[in-house]
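Below is the file upload_10.txt, which contains compact mmCIF, C-alpha atoms.
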```txt
# COMPACT_ATOMS: atom_id res chain seq x y z
CA MET B 1 -8.42 134.27 24.37
CA ALA B 2 -10.78 131.48 23.64
CA ASP B 3 -13.42 133.57 21.95
CA SER B 4 -11.03 135.51 19.77
CA VAL B 5 -10.61 134.75 16.07
CA PHE B 6 -8.08 136.18 13.64
CA ILE B 7 -7.13 136.27 10.00
CA ALA B 8 -3.76 137.39 8.63
CA PHE B 9 -2.88 138.56 5.14
CA GLN B 10 0.29 139.48 3.36
CA THR B 11 0.68 143.22 3.07
CA ASN B 12 0.22 144.07 -0.59
CA GLU B 13 -1.96 145.86 -3.11
CA ASP B 14 -4.32 142.89 -3.45
CA SER B 15 -5.07 142.47 0.21
CA ARG B 16 -5.50 146.18 1.05
CA PRO B 17 -9.10 146.43 -0.23
CA ILE B 18 -9.91 143.15 1.55
CA ILE B 19 -8.58 144.52 4.81
CA GLU B 20 -10.47 147.78 4.31
CA ALA B 21 -13.66 145.83 3.71
CA ILE B 22 -13.15 143.75 6.87
CA GLU B 23 -12.42 146.90 8.85
CA ALA B 24 -15.63 148.54 7.63
CA ASP B 25 -17.82 145.48 8.20
CA ASN B 26 -16.39 144.59 11.62
CA PRO B 27 -16.11 147.68 13.81
CA HIS B 28 -14.99 145.55 16.75
CA ALA B 29 -12.02 144.10 14.88
CA VAL B 30 -8.49 145.23 15.70
CA ILE B 31 -6.09 145.68 12.79
CA ASN B 32 -2.45 145.02 13.61
CA ALA B 33 0.11 145.86 10.95
CA PHE B 34 3.31 143.85 11.17
CA PRO B 35 6.19 143.88 8.73
CA ALA B 36 4.80 142.25 5.58
CA MET B 37 1.70 141.03 7.41
CA VAL B 38 -1.59 142.46 8.55
CA LYS B 39 -3.31 140.49 11.32
CA ILE B 40 -6.91 141.19 12.13
CA ASP B 41 -8.14 140.10 15.56
CA ALA B 42 -11.74 140.08 16.61
CA ILE B 43 -13.63 138.95 19.63
CA GLY B 44 -16.44 136.59 18.73
CA ARG B 45 -17.03 136.77 15.05
CA LEU B 46 -15.35 138.10 11.92
CA VAL B 47 -17.29 138.52 8.69
CA ILE B 48 -15.77 139.06 5.26
CA LYS B 49 -18.34 140.15 2.70
CA ARG B 50 -17.93 139.69 -1.04
CA GLU B 51 -20.07 142.75 -1.72
CA SER B 52 -17.89 145.09 0.34
CA ILE B 53 -14.73 143.90 -1.37
CA GLU B 54 -16.30 144.23 -4.81
CA ALA B 55 -17.35 147.79 -4.02
CA ARG B 56 -13.71 148.62 -3.31
CA ILE B 57 -12.02 146.88 -6.23
CA GLY B 58 -14.59 147.63 -8.91
CA ARG B 59 -14.82 144.11 -10.28
CA ASP B 60 -16.36 140.76 -9.45
CA PHE B 61 -14.62 138.98 -6.60
CA ASP B 62 -14.65 135.32 -5.72
CA LEU B 63 -14.16 134.88 -1.96
CA ARG B 64 -11.75 132.04 -2.69
CA GLU B 65 -9.35 134.68 -4.00
CA LEU B 66 -8.73 135.42 -0.32
CA GLN B 67 -6.54 132.36 -0.16
CA LEU B 68 -3.97 133.86 -2.53
CA ASN B 69 -2.72 136.32 0.07
CA LEU B 70 -3.81 134.50 3.19
CA ILE B 71 -1.14 133.73 5.77
CA SER B 72 -3.15 132.17 8.54
CA LEU B 73 -6.45 132.20 10.35
CA SER B 74 -8.16 130.80 13.40
CA GLY B 75 -11.75 129.90 14.08
CA ASN B 76 -14.33 127.67 12.46
CA ILE B 77 -15.01 128.73 8.92
CA ASP B 78 -18.45 129.17 7.49
CA GLU B 79 -18.05 129.96 3.82
CA THR B 80 -20.73 130.82 1.27
CA ASP B 81 -20.60 132.60 -2.06
CA ASP B 82 -21.34 135.89 -0.32
CA GLU B 83 -19.70 135.65 3.07
CA PHE B 84 -16.67 134.16 4.76
CA ILE B 85 -17.30 133.96 8.49
CA LEU B 86 -14.85 133.08 11.24
CA GLU B 87 -16.08 132.15 14.74
CA TRP B 88 -15.62 129.43 17.32
CA LYS B 89 -18.53 127.11 17.46
CA ALA B 90 -19.01 125.15 20.64
CA MET J 1 26.20 130.67 19.95
CA GLN J 2 22.57 131.58 19.99
CA ILE J 3 21.05 133.64 17.24
CA ASP J 4 17.88 135.56 17.90
CA ILE J 5 15.91 136.42 14.83
CA LYS J 6 14.14 139.66 15.36
CA THR J 7 11.97 141.65 13.08
CA SER J 8 12.17 145.36 13.04
CA ALA J 9 9.44 147.35 11.45
CA VAL J 10 10.33 150.21 9.14
CA GLN J 11 7.52 152.70 9.02
CA GLN J 12 7.27 154.50 5.74
CA ILE J 13 7.22 158.24 6.15
CA ARG J 14 4.42 158.87 3.68
CA GLN J 15 1.62 156.61 2.46
CA THR J 16 0.96 158.38 -0.80
CA PHE J 17 1.67 161.51 -2.86
CA SER J 18 0.70 164.72 -1.12
CA HIS J 19 -1.69 165.78 -3.90
CA VAL J 20 -3.53 162.49 -3.44
CA ALA J 21 -3.38 162.78 0.34
CA ARG J 22 -5.02 166.21 0.19
CA ARG J 23 -7.94 164.66 -1.66
CA LEU J 24 -8.23 161.68 0.65
CA GLY J 25 -8.25 164.03 3.61
CA GLY J 26 -5.06 162.74 5.17
CA ASP J 27 -2.02 160.60 4.52
CA LYS J 28 -3.75 157.28 3.92
CA PRO J 29 -2.76 154.43 1.66
CA ALA J 30 -4.26 155.13 -1.78
CA SER J 31 -5.23 152.66 -4.44
CA ARG J 32 -3.31 152.59 -7.70
CA TYR J 33 -6.43 153.87 -9.42
CA GLN J 34 -6.53 156.91 -7.15
CA GLU J 35 -2.84 157.59 -7.63
CA ALA J 36 -3.14 157.27 -11.39
CA THR J 37 -6.17 159.54 -11.59
CA LEU J 38 -6.45 162.28 -8.97
CA GLU J 39 -5.08 165.73 -9.76
CA LEU J 40 -3.28 164.65 -12.90
CA GLN J 41 -5.00 167.13 -15.21
CA PRO J 42 -2.49 169.89 -16.15
CA GLU J 43 -3.84 173.16 -14.79
CA ASP J 44 -1.09 175.76 -14.51
CA ASN J 45 1.56 177.57 -16.46
CA PHE J 46 0.07 177.65 -19.92
CA HIS J 47 1.59 180.63 -21.65
CA TYR J 48 -0.60 180.87 -24.69
CA ARG J 49 -4.22 180.41 -25.47
CA PRO J 50 -5.01 178.22 -28.47
CA LEU J 51 -4.96 180.32 -31.64
CA TRP J 52 -8.04 178.59 -33.01
CA GLU J 53 -10.17 179.32 -29.95
CA PRO J 54 -8.64 182.20 -27.99
CA GLU J 55 -11.72 182.49 -25.77
CA PHE J 56 -10.69 179.25 -24.07
CA ALA J 57 -7.54 178.13 -22.32
CA LEU J 58 -5.89 175.00 -23.71
CA TYR J 59 -7.70 172.89 -21.10
CA ASP J 60 -10.83 174.71 -20.11
CA LYS J 61 -13.77 173.70 -17.94
CA GLY J 62 -15.93 176.10 -19.97
CA ARG J 63 -15.93 173.92 -23.07
CA THR J 64 -19.06 172.20 -21.83
CA ALA J 65 -22.28 173.57 -20.39
CA ILE J 66 -22.14 170.95 -17.64
CA ARG J 67 -20.91 172.55 -14.42
CA MET J 68 -19.08 170.59 -11.80
CA ASN J 69 -17.72 171.82 -8.53
CA ASP J 70 -15.15 169.05 -8.68
CA TRP J 71 -14.37 167.28 -11.95
CA TYR J 72 -12.67 164.49 -10.06
CA ALA J 73 -16.06 163.50 -8.67
CA PHE J 74 -16.35 161.24 -11.72
CA LYS J 75 -15.22 157.78 -10.75
CA ASP J 76 -14.80 154.78 -12.95
CA PRO J 77 -16.44 151.92 -11.01
CA ARG J 78 -14.17 149.52 -12.92
CA GLN J 79 -11.19 151.45 -11.54
CA TYR J 80 -9.32 151.27 -14.81
CA TYR J 81 -5.93 152.85 -15.00
CA TYR J 82 -3.37 151.89 -17.60
CA GLY J 83 -2.29 148.70 -15.82
CA THR J 84 -5.67 147.20 -14.97
CA TYR J 85 -7.16 148.28 -18.28
CA THR J 86 -4.48 146.68 -20.45
CA ILE J 87 -4.41 143.48 -18.36
CA THR J 88 -8.19 143.08 -18.57
CA ARG J 89 -8.35 143.76 -22.29
CA SER J 90 -5.40 141.52 -23.05
CA ARG J 91 -7.19 138.62 -21.34
CA GLN J 92 -10.32 139.31 -23.34
CA GLN J 93 -8.24 139.55 -26.51
CA ASP J 94 -6.79 136.08 -25.83
CA THR J 95 -10.31 134.68 -25.49
CA MET J 96 -11.41 136.38 -28.69
CA GLU J 97 -8.41 135.05 -30.61
CA LYS J 98 -9.33 131.54 -29.47
CA ASN J 99 -12.93 132.09 -30.58
CA ILE J 100 -11.82 133.38 -33.97
CA GLU J 101 -9.43 130.45 -34.38
CA PHE J 102 -12.20 128.02 -33.48
CA VAL J 103 -14.59 129.56 -35.98
CA SER J 104 -12.02 129.66 -38.76
CA LYS J 105 -10.61 126.17 -38.10
CA ARG J 106 -14.04 124.58 -38.19
CA ARG J 107 -15.04 126.74 -41.13
CA LEU J 108 -18.18 127.77 -39.24
CA LEU J 109 -18.61 130.93 -41.29
CA SER J 110 -16.75 130.18 -44.49
CA ASP J 111 -18.79 127.00 -45.18
CA LEU J 112 -22.13 128.77 -44.93
CA PRO J 113 -24.07 129.14 -48.18
CA ASP J 114 -23.32 132.32 -50.09
CA ASP J 115 -26.63 134.02 -49.35
CA ALA J 116 -26.13 133.45 -45.60
CA LYS J 117 -22.63 134.90 -45.77
CA GLY J 118 -23.93 137.85 -47.72
CA ARG J 119 -26.65 138.49 -45.19
CA ILE J 120 -24.34 138.40 -42.15
CA ALA J 121 -21.87 140.68 -43.93
CA ALA J 122 -24.61 143.09 -44.98
CA LEU J 123 -25.85 143.45 -41.39
CA MET J 124 -22.59 143.40 -39.44
CA VAL J 125 -19.72 144.79 -41.51
CA PRO J 126 -21.04 148.35 -42.06
CA LEU J 127 -21.13 148.71 -38.27
CA ARG J 128 -17.35 149.10 -38.29
CA HIS J 129 -17.91 152.64 -39.53
CA VAL J 130 -20.15 153.32 -36.51
CA GLU J 131 -17.36 152.05 -34.27
CA TRP J 132 -14.81 154.27 -35.98
CA ALA J 133 -17.04 157.28 -35.35
CA ALA J 134 -17.38 156.21 -31.71
CA ASN J 135 -13.59 156.05 -31.56
CA THR J 136 -13.30 159.56 -32.96
CA ASN J 137 -16.02 160.92 -30.68
CA ASN J 138 -14.40 159.53 -27.57
CA CYS J 139 -11.04 160.90 -28.74
CA PHE J 140 -12.72 164.29 -29.01
CA VAL J 141 -14.07 163.99 -25.47
CA THR J 142 -10.60 162.97 -24.28
CA GLY J 143 -8.99 165.91 -26.06
CA TYR J 144 -11.35 168.63 -24.92
CA GLY J 145 -12.74 167.20 -21.70
CA TRP J 146 -11.47 168.36 -18.34
CA GLY J 147 -10.12 166.14 -15.60
CA THR J 148 -8.23 162.86 -15.75
CA ALA J 149 -11.07 161.06 -13.99
CA ILE J 150 -13.18 161.34 -17.11
CA THR J 151 -10.66 161.73 -19.94
CA GLN J 152 -8.65 158.68 -18.91
CA ALA J 153 -11.75 156.50 -19.12
CA THR J 154 -12.86 158.02 -22.44
CA MET J 155 -9.41 157.31 -23.92
CA PHE J 156 -9.76 153.65 -22.92
CA HIS J 157 -13.28 153.70 -24.32
CA SER J 158 -11.91 155.16 -27.53
CA MET J 159 -9.41 152.33 -27.92
CA ASP J 160 -12.12 149.77 -27.14
CA ARG J 161 -14.11 151.05 -30.10
CA LEU J 162 -11.15 150.63 -32.41
CA GLY J 163 -10.88 147.06 -31.13
CA ILE J 164 -14.55 146.35 -31.79
CA ALA J 165 -14.21 147.84 -35.29
CA GLN J 166 -11.34 145.42 -35.89
CA TYR J 167 -13.38 142.46 -34.71
CA LEU J 168 -16.16 143.47 -37.11
CA SER J 169 -13.59 143.62 -39.91
CA ARG J 170 -12.35 140.16 -38.92
CA ILE J 171 -15.94 138.86 -39.25
CA GLY J 172 -15.96 140.29 -42.78
CA LEU J 173 -12.62 138.69 -43.59
CA LEU J 174 -13.76 135.31 -42.27
CA LEU J 175 -16.82 135.56 -44.52
CA ASP J 176 -14.98 136.53 -47.70
CA GLY J 177 -11.96 134.27 -47.22
CA ASN J 178 -9.57 137.18 -46.46
CA GLN J 179 -10.30 138.82 -49.79
CA GLY J 180 -11.41 142.10 -48.24
CA THR J 181 -14.35 142.30 -50.63
CA SER J 182 -16.84 142.29 -47.75
CA LEU J 183 -15.14 145.37 -46.31
CA LEU J 184 -15.40 147.25 -49.59
CA ASP J 185 -18.97 146.11 -49.95
CA GLY J 186 -19.69 147.16 -46.36
CA LYS J 187 -18.33 150.61 -47.03
CA ASP J 188 -20.45 150.88 -50.15
CA ARG J 189 -23.52 149.91 -48.13
CA TRP J 190 -22.61 152.44 -45.46
CA LEU J 191 -22.32 155.18 -48.10
CA ASN J 192 -25.14 154.27 -50.46
CA ASN J 193 -27.60 151.69 -49.12
CA PRO J 194 -30.80 153.39 -47.87
CA ILE J 195 -30.95 151.14 -44.78
CA TRP J 196 -27.82 152.74 -43.39
CA GLN J 197 -28.26 156.36 -44.45
CA GLY J 198 -30.29 157.44 -41.42
CA LEU J 199 -27.71 155.96 -39.09
CA ARG J 200 -24.83 157.46 -41.08
CA ARG J 201 -26.47 160.86 -40.94
CA LEU J 202 -26.91 160.55 -37.19
CA VAL J 203 -23.36 159.33 -36.62
CA GLU J 204 -21.99 162.20 -38.68
CA ASP J 205 -24.14 164.62 -36.68
CA THR J 206 -22.61 163.37 -33.43
CA MET J 207 -19.17 164.12 -34.87
CA VAL J 208 -19.83 167.85 -35.21
CA VAL J 209 -21.26 168.45 -31.72
CA LYS J 210 -19.21 171.17 -30.04
CA ASP J 211 -19.98 170.54 -26.39
CA TRP J 212 -17.86 167.52 -25.45
CA PHE J 213 -20.23 166.38 -22.74
CA GLU J 214 -23.05 166.35 -25.26
CA THR J 215 -20.85 164.25 -27.54
CA TYR J 216 -20.41 161.88 -24.63
CA VAL J 217 -24.15 161.71 -24.02
CA ALA J 218 -25.08 161.34 -27.70
CA GLN J 219 -22.48 158.64 -28.36
CA ASN J 220 -21.94 156.66 -25.19
CA VAL J 221 -25.32 157.04 -23.54
CA VAL J 222 -27.93 157.27 -26.28
CA LEU J 223 -26.51 155.77 -29.47
CA ASP J 224 -24.69 152.89 -27.80
CA GLY J 225 -27.48 152.39 -25.28
CA LEU J 226 -29.90 151.67 -28.11
CA LEU J 227 -27.68 150.24 -30.85
CA TYR J 228 -25.90 147.63 -28.75
CA PRO J 229 -29.01 145.89 -27.41
CA LEU J 230 -30.49 145.90 -30.92
CA VAL J 231 -27.43 144.53 -32.71
CA TYR J 232 -25.73 142.37 -30.09
CA ARG J 233 -28.83 140.99 -28.36
CA HIS J 234 -31.63 140.84 -30.90
CA ILE J 235 -29.97 140.78 -34.33
CA ASP J 236 -27.13 138.56 -33.09
CA GLN J 237 -29.70 136.15 -31.65
CA ARG J 238 -31.72 136.10 -34.86
CA LEU J 239 -28.67 135.44 -37.03
CA SER J 240 -27.53 132.71 -34.64
CA GLN J 241 -30.89 130.96 -34.91
CA GLN J 242 -30.60 131.07 -38.69
CA TYR J 243 -26.92 130.42 -39.30
CA GLY J 244 -25.49 128.81 -36.16
CA PRO J 245 -23.60 130.16 -33.17
CA ALA J 246 -20.38 131.23 -34.95
CA LEU J 247 -21.35 134.89 -35.14
CA GLY J 248 -22.26 134.89 -31.45
CA MET J 249 -18.76 133.73 -30.59
CA LEU J 250 -17.29 136.56 -32.64
CA ASN J 251 -19.60 139.11 -31.02
CA GLU J 252 -18.75 137.92 -27.55
CA PHE J 253 -16.41 140.79 -26.74
CA ALA J 254 -18.80 143.48 -27.96
CA SER J 255 -21.69 142.19 -25.89
CA THR J 256 -19.77 141.67 -22.65
CA TRP J 257 -17.98 144.97 -23.21
CA PHE J 258 -21.33 146.75 -23.43
CA ASP J 259 -22.42 145.46 -20.03
CA GLU J 260 -19.08 146.28 -18.49
CA SER J 261 -18.70 149.79 -19.89
CA ASN J 262 -22.31 150.63 -19.04
CA ARG J 263 -21.42 150.61 -15.37
CA TRP J 264 -19.01 153.45 -16.07
CA VAL J 265 -21.34 155.32 -18.45
CA ASP J 266 -24.13 155.14 -15.86
CA ALA J 267 -21.85 156.27 -13.04
CA THR J 268 -20.69 159.27 -15.11
CA LEU J 269 -24.26 160.25 -15.92
CA LYS J 270 -25.33 159.86 -12.31
CA THR J 271 -22.44 161.93 -10.96
CA ALA J 272 -23.14 164.79 -13.37
CA ALA J 273 -26.89 164.68 -12.76
CA SER J 274 -26.65 164.58 -8.98
CA GLU J 275 -24.34 167.62 -8.95
CA SER J 276 -27.16 170.07 -9.68
CA THR J 277 -30.68 170.27 -11.05
CA GLU J 278 -29.32 172.38 -13.93
CA ASN J 279 -27.00 169.56 -14.95
CA ALA J 280 -29.78 167.00 -14.65
CA ALA J 281 -32.12 169.13 -16.76
CA LEU J 282 -29.46 169.71 -19.41
CA LEU J 283 -28.64 166.00 -19.59
CA GLY J 284 -32.37 165.31 -19.89
CA ARG J 285 -32.66 167.76 -22.80
CA TRP J 286 -29.66 166.26 -24.58
CA ILE J 287 -30.98 162.74 -24.20
CA ALA J 288 -34.47 163.84 -25.26
CA LYS J 289 -32.91 165.41 -28.35
CA TRP J 290 -30.91 162.36 -29.46
CA PHE J 291 -33.19 159.57 -28.28
CA PRO J 292 -35.91 159.81 -31.01
CA GLN J 293 -33.31 160.48 -33.69
CA VAL J 294 -31.37 157.34 -32.79
CA LEU J 295 -34.54 155.25 -32.70
CA ASP J 296 -35.49 156.51 -36.17
CA ALA J 297 -31.99 155.86 -37.48
CA LEU J 298 -32.01 152.28 -36.18
CA ARG J 299 -35.49 151.42 -37.43
CA PRO J 300 -34.55 150.48 -41.04
CA LEU J 301 -31.77 148.22 -39.76
CA ALA J 302 -34.12 146.58 -37.26
CA ILE J 303 -36.78 146.04 -39.92
CA GLU J 304 -34.25 144.59 -42.37
CA ALA J 305 -32.85 142.20 -39.76
CA LEU J 306 -35.94 141.22 -37.79
CA GLY J 307 -38.93 141.95 -40.00
CA ALA J 308 -41.34 144.87 -39.64
CA GLU J 309 -43.50 143.50 -36.87
CA GLU J 310 -40.81 142.23 -34.55
CA ALA J 311 -38.67 145.29 -35.23
CA GLU J 312 -41.30 147.53 -33.70
CA SER J 313 -41.75 145.44 -30.57
CA VAL J 314 -37.99 145.06 -30.15
CA LEU J 315 -37.39 148.79 -30.54
CA ARG J 316 -40.17 149.50 -28.04
CA GLU J 317 -38.61 147.10 -25.57
CA ILE J 318 -35.13 148.57 -26.03
CA ALA J 319 -36.47 152.11 -25.66
CA GLY J 320 -38.33 151.17 -22.48
CA VAL J 321 -35.24 149.61 -20.91
CA PHE J 322 -33.18 152.63 -21.94
CA GLU J 323 -35.62 155.13 -20.40
CA ALA J 324 -35.69 153.19 -17.15
CA ARG J 325 -31.89 153.01 -17.11
CA VAL J 326 -31.50 156.76 -17.62
CA LEU J 327 -34.17 157.56 -15.05
CA LYS J 328 -32.31 155.43 -12.53
CA GLN J 329 -29.30 157.75 -12.92
CA GLY J 330 -31.46 160.73 -11.98
CA VAL J 331 -32.12 162.04 -15.48
CA SER J 332 -35.71 162.46 -16.58
CA ILE J 333 -36.26 162.43 -20.34
CA ALA J 334 -40.01 162.92 -20.14
CA SER J 335 -39.96 166.26 -18.33
CA ALA J 336 -37.16 167.47 -20.62
CA SER J 337 -39.09 166.68 -23.79
CA GLU J 338 -42.16 168.40 -22.36
CA ALA J 339 -40.01 171.45 -21.69
CA ASN J 340 -38.80 171.30 -25.29
CA HIS J 341 -42.31 171.34 -26.65
CA GLY J 342 -43.77 173.74 -24.14
```
Serialized structure, C-alpha cells:
Amino acid sequence: MADSVFIAFQTNEDSRPIIEAIEADNPHAVINAFPAMVKIDAIGRLVIKRESIEARIGRDFDLRELQLNLISLSGNIDETDDEFILEWKA
Amino acid sequence: MQIDIKTSAVQQIRQTFSHVARRLGGDKPASRYQEATLELQPEDNFHYRPLWEPEFALYDKGRTAIRMNDWYAFKDPRQYYYGTYTITRSRQQDTMEKNIEFVSKRRLLSDLPDDAKGRIAALMVPLRHVEWAANTNNCFVTGYGWGTAITQATMFHSMDRLGIAQYLSRIGLLLDGNQGTSLLDGKDRWLNNPIWQGLRRLVEDTMVVKDWFETYVAQNVVLDGLLYPLVYRHIDQRLSQQYGPALGMLNEFASTWFDESNRWVDATLKTAASESTENAALLGRWIAKWFPQVLDALRPLAIEALGAEEAESVLREIAGVFEARVLKQGVSIASASEANHG
C-alpha cells in the first residue's frame, strides 16, 4: 500500500507506553504484535506525541529516545521536539 | 537440504496478576508501577488489635478524617516504585558527589573569609533538623497511612529528607574543614538562637499531630511549600550573590527535588480534594491552620537572611504563589479561614 506507513518497536517495558500513546493518538492505526516486535501500521499519517508518552511514563521524555527500541519504520519523517510524524510526502 | 526458519508465537496466558487485572478492568499488560502498587496493602487476617490503640485495627482507614472510597486513587505522577526511585536518586547522587568534589577541590567554600563561612553555616546548617523532622513525619505517615499508593511514596519522601539532611551536614563539614564544629554550632542555634525558635516550635508541633493526613498536609504541603522557595530560591540566591556559586551547587538536589516532589504532593492533594466537598473543606481548614503559623515561623529567618524590607516582599510573593498552587488543586484556603472565624 503506497499510502501506508508503519513503525516497529521491540516488545519490552520501555516501548509499551510509547505504543499505548500511539494507539491513543492514532485511532486509525493497526497494532500488530509479533514475537518480540510490535508493528504499527497506519494509512496516511502516524503521529507520535511527546506529551502523550510523558503522561504515561511520569517523567520527561525526549522523542529521540524512540530510537533505542526502534526496529524499523517507513514514511517520510517530520520530527520536532513535540511530535514525530510519519507520512509519505509526494 | 533447505532449512525454513519459522517463527512461532507463544501467547502468554495472563498479562498480569489477577488482583491488578481486577483493578484495570481486564487482563491487560500493567506497568511495573501498577504491579508494585495496587492492592499491596495488607488487609486481612490480623488476629489482634494493637494494644496501644485497641479502637483501631493495625492498619485502619479510620486513623484520618479524610474519607476515600478508594485509597488506591492516589497516584504518584512520577510513577516511583523501588526500582525507578532508586535508579533516579542514584543518578542524582552521582551528580551531587561530583558537585561536592568540585567545590571541595577548588576550595570554593573553605577559602571564603571566616565571617562568610559563619554566615552560610548559620543560615543553612540548622535546617538539617527541619529535614530530620520531615523524615520522621513522613515515616509516621508511612506507618499509619492506609494504602500502598500513598505510603510507598511517603516512604521514598522520608528517605529523600534524610538525604537532604546529609547534604546540609556536608555543607557544614565543607565549611569547618571536617571538624564537625559547624554541626554542633548549628544544633545550638536550633535549640537556643531566637531566629530559629519559632520554626522549631512549629516543626515540633507537626510531630505530635495525630491525624496522619494532617501531618502530610502540614509537612509536605504547607511547611515545605513555603520553606523551600524561601531557602532554596531566595536565600540561596542572596548567598550566591555574596559568596559565589558554590552553595548553589550544593543545594542543587534540594531545589530540583522540590520541583519534582511537588508534582506528587499536588496530585495527592488534588485526588483527596476532588473525592468529596467534605475532604476539600477539611484540607482547606488544615492548610488555613498551618499556613499563617509557618509564615510567622519563617519570618525571622527571612529577615535575618534578606533584610527586613525584602523579607516581607519575598514572603508575600511566596505566600501568593502557594495560595494559587493550593487553589489549583481544588482546595480553597480563603473560605476555610472564613469558616474558622465565623
Do you have, as a Markdown table, the list of residues of chain J lying at most 10 Å from chain B, each with its nearest atom pair and that distance in Å to one decimal, counting only C-alpha atoms and ordered by chain then number?
```
| residue | atom | partner | partner_atom | distance |
| --- | --- | --- | --- | --- |
| J:Thr7 | CA | B:Pro35 | CA | 7.6 |
| J:Ser8 | CA | B:Pro35 | CA | 7.5 |
| J:Ala9 | CA | B:Pro35 | CA | 5.5 |
| J:Val10 | CA | B:Pro35 | CA | 7.6 |
| J:Gln11 | CA | B:Pro35 | CA | 8.9 |
| J:Pro29 | CA | B:Arg16 | CA | 8.7 |
| J:Ala30 | CA | B:Arg16 | CA | 9.5 |
| J:Ser31 | CA | B:Glu13 | CA | 7.7 |
| J:Arg32 | CA | B:Glu13 | CA | 8.3 |
| J:Tyr33 | CA | B:Ile57 | CA | 9.5 |
| J:Asp76 | CA | B:Gly58 | CA | 8.2 |
| J:Pro77 | CA | B:Gly58 | CA | 5.1 |
| J:Arg78 | CA | B:Gly58 | CA | 4.5 |
| J:Gln79 | CA | B:Gly58 | CA | 5.8 |
| J:Tyr80 | CA | B:Gly58 | CA | 8.7 |
| J:Glu260 | CA | B:Arg59 | CA | 9.5 |
| J:Arg263 | CA | B:Gly58 | CA | 9.9 |
```
Would you mind reading off the distance between CA of Gly198 (chain J) and CA of Ala297 (chain J), one decimal, in Å?
-> 4.6 Å
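Proximity to Asp78 (chain B) at 12 Å, evaluated using all atoms listed in the file and with sequence-adjacent residues fewer than 4 positions away removed, yields Arg45, Leu46, Val47, Ile48, Lys49, Leu63, Ser74, Asp82, Glu83, Phe84, Ile85, Leu86, Glu87, Trp88 and Lys89 of chain B.
The coordinates place CA of Ala133 (chain J) at 27.7 Å from CA of Gly330 (chain J).
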Might I get the box with edges along x, y and z of the file that holds all atoms of region 101-115 of chain J listed there, padded by 4 Å on every side, given as centre and edge lengths in Å to one decimal, as JSON?
```
{"center_x": -18.0, "center_y": 129.3, "center_z": -41.8, "size_x": 25.2, "size_y": 17.4, "size_z": 24.6}
```
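Our summary of the geometry notes that CA of Pro292 (chain J) is positioned 16.1 Å from CA of Val331 (chain J).
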Can you pull out the residues contacting Gly143 (chain J)? Cut-off 10 Å, using only C-alpha atoms, and skip same-chain residues under 5 positions away; I want them as a CSV table (one decimal) with C-alpha atoms, keeping the file's coordinate frame.
```csv
chain,number,residue,atom,x,y,z
J,58,LEU,CA,-5.9,175.0,-23.7
J,59,TYR,CA,-7.7,172.9,-21.1
J,137,ASN,CA,-16.0,160.9,-30.7
J,138,ASN,CA,-14.4,159.5,-27.6
J,151,THR,CA,-10.7,161.7,-19.9
J,154,THR,CA,-12.9,158.0,-22.4
J,155,MET,CA,-9.4,157.3,-23.9
J,212,TRP,CA,-17.9,167.5,-25.4
```
Using all atoms listed in the file, the shortest atom-to-atom distance to Gly75 (chain B) among B:Ile53, B:Ile31, B:Met37, B:Ala42 belongs to B:Ala42
Shortest interatomic distance to Asn69 (chain B) - which of B:Val30, B:Val5, B:Val38, B:Ala24, counting only C-alpha atoms | B:Val38
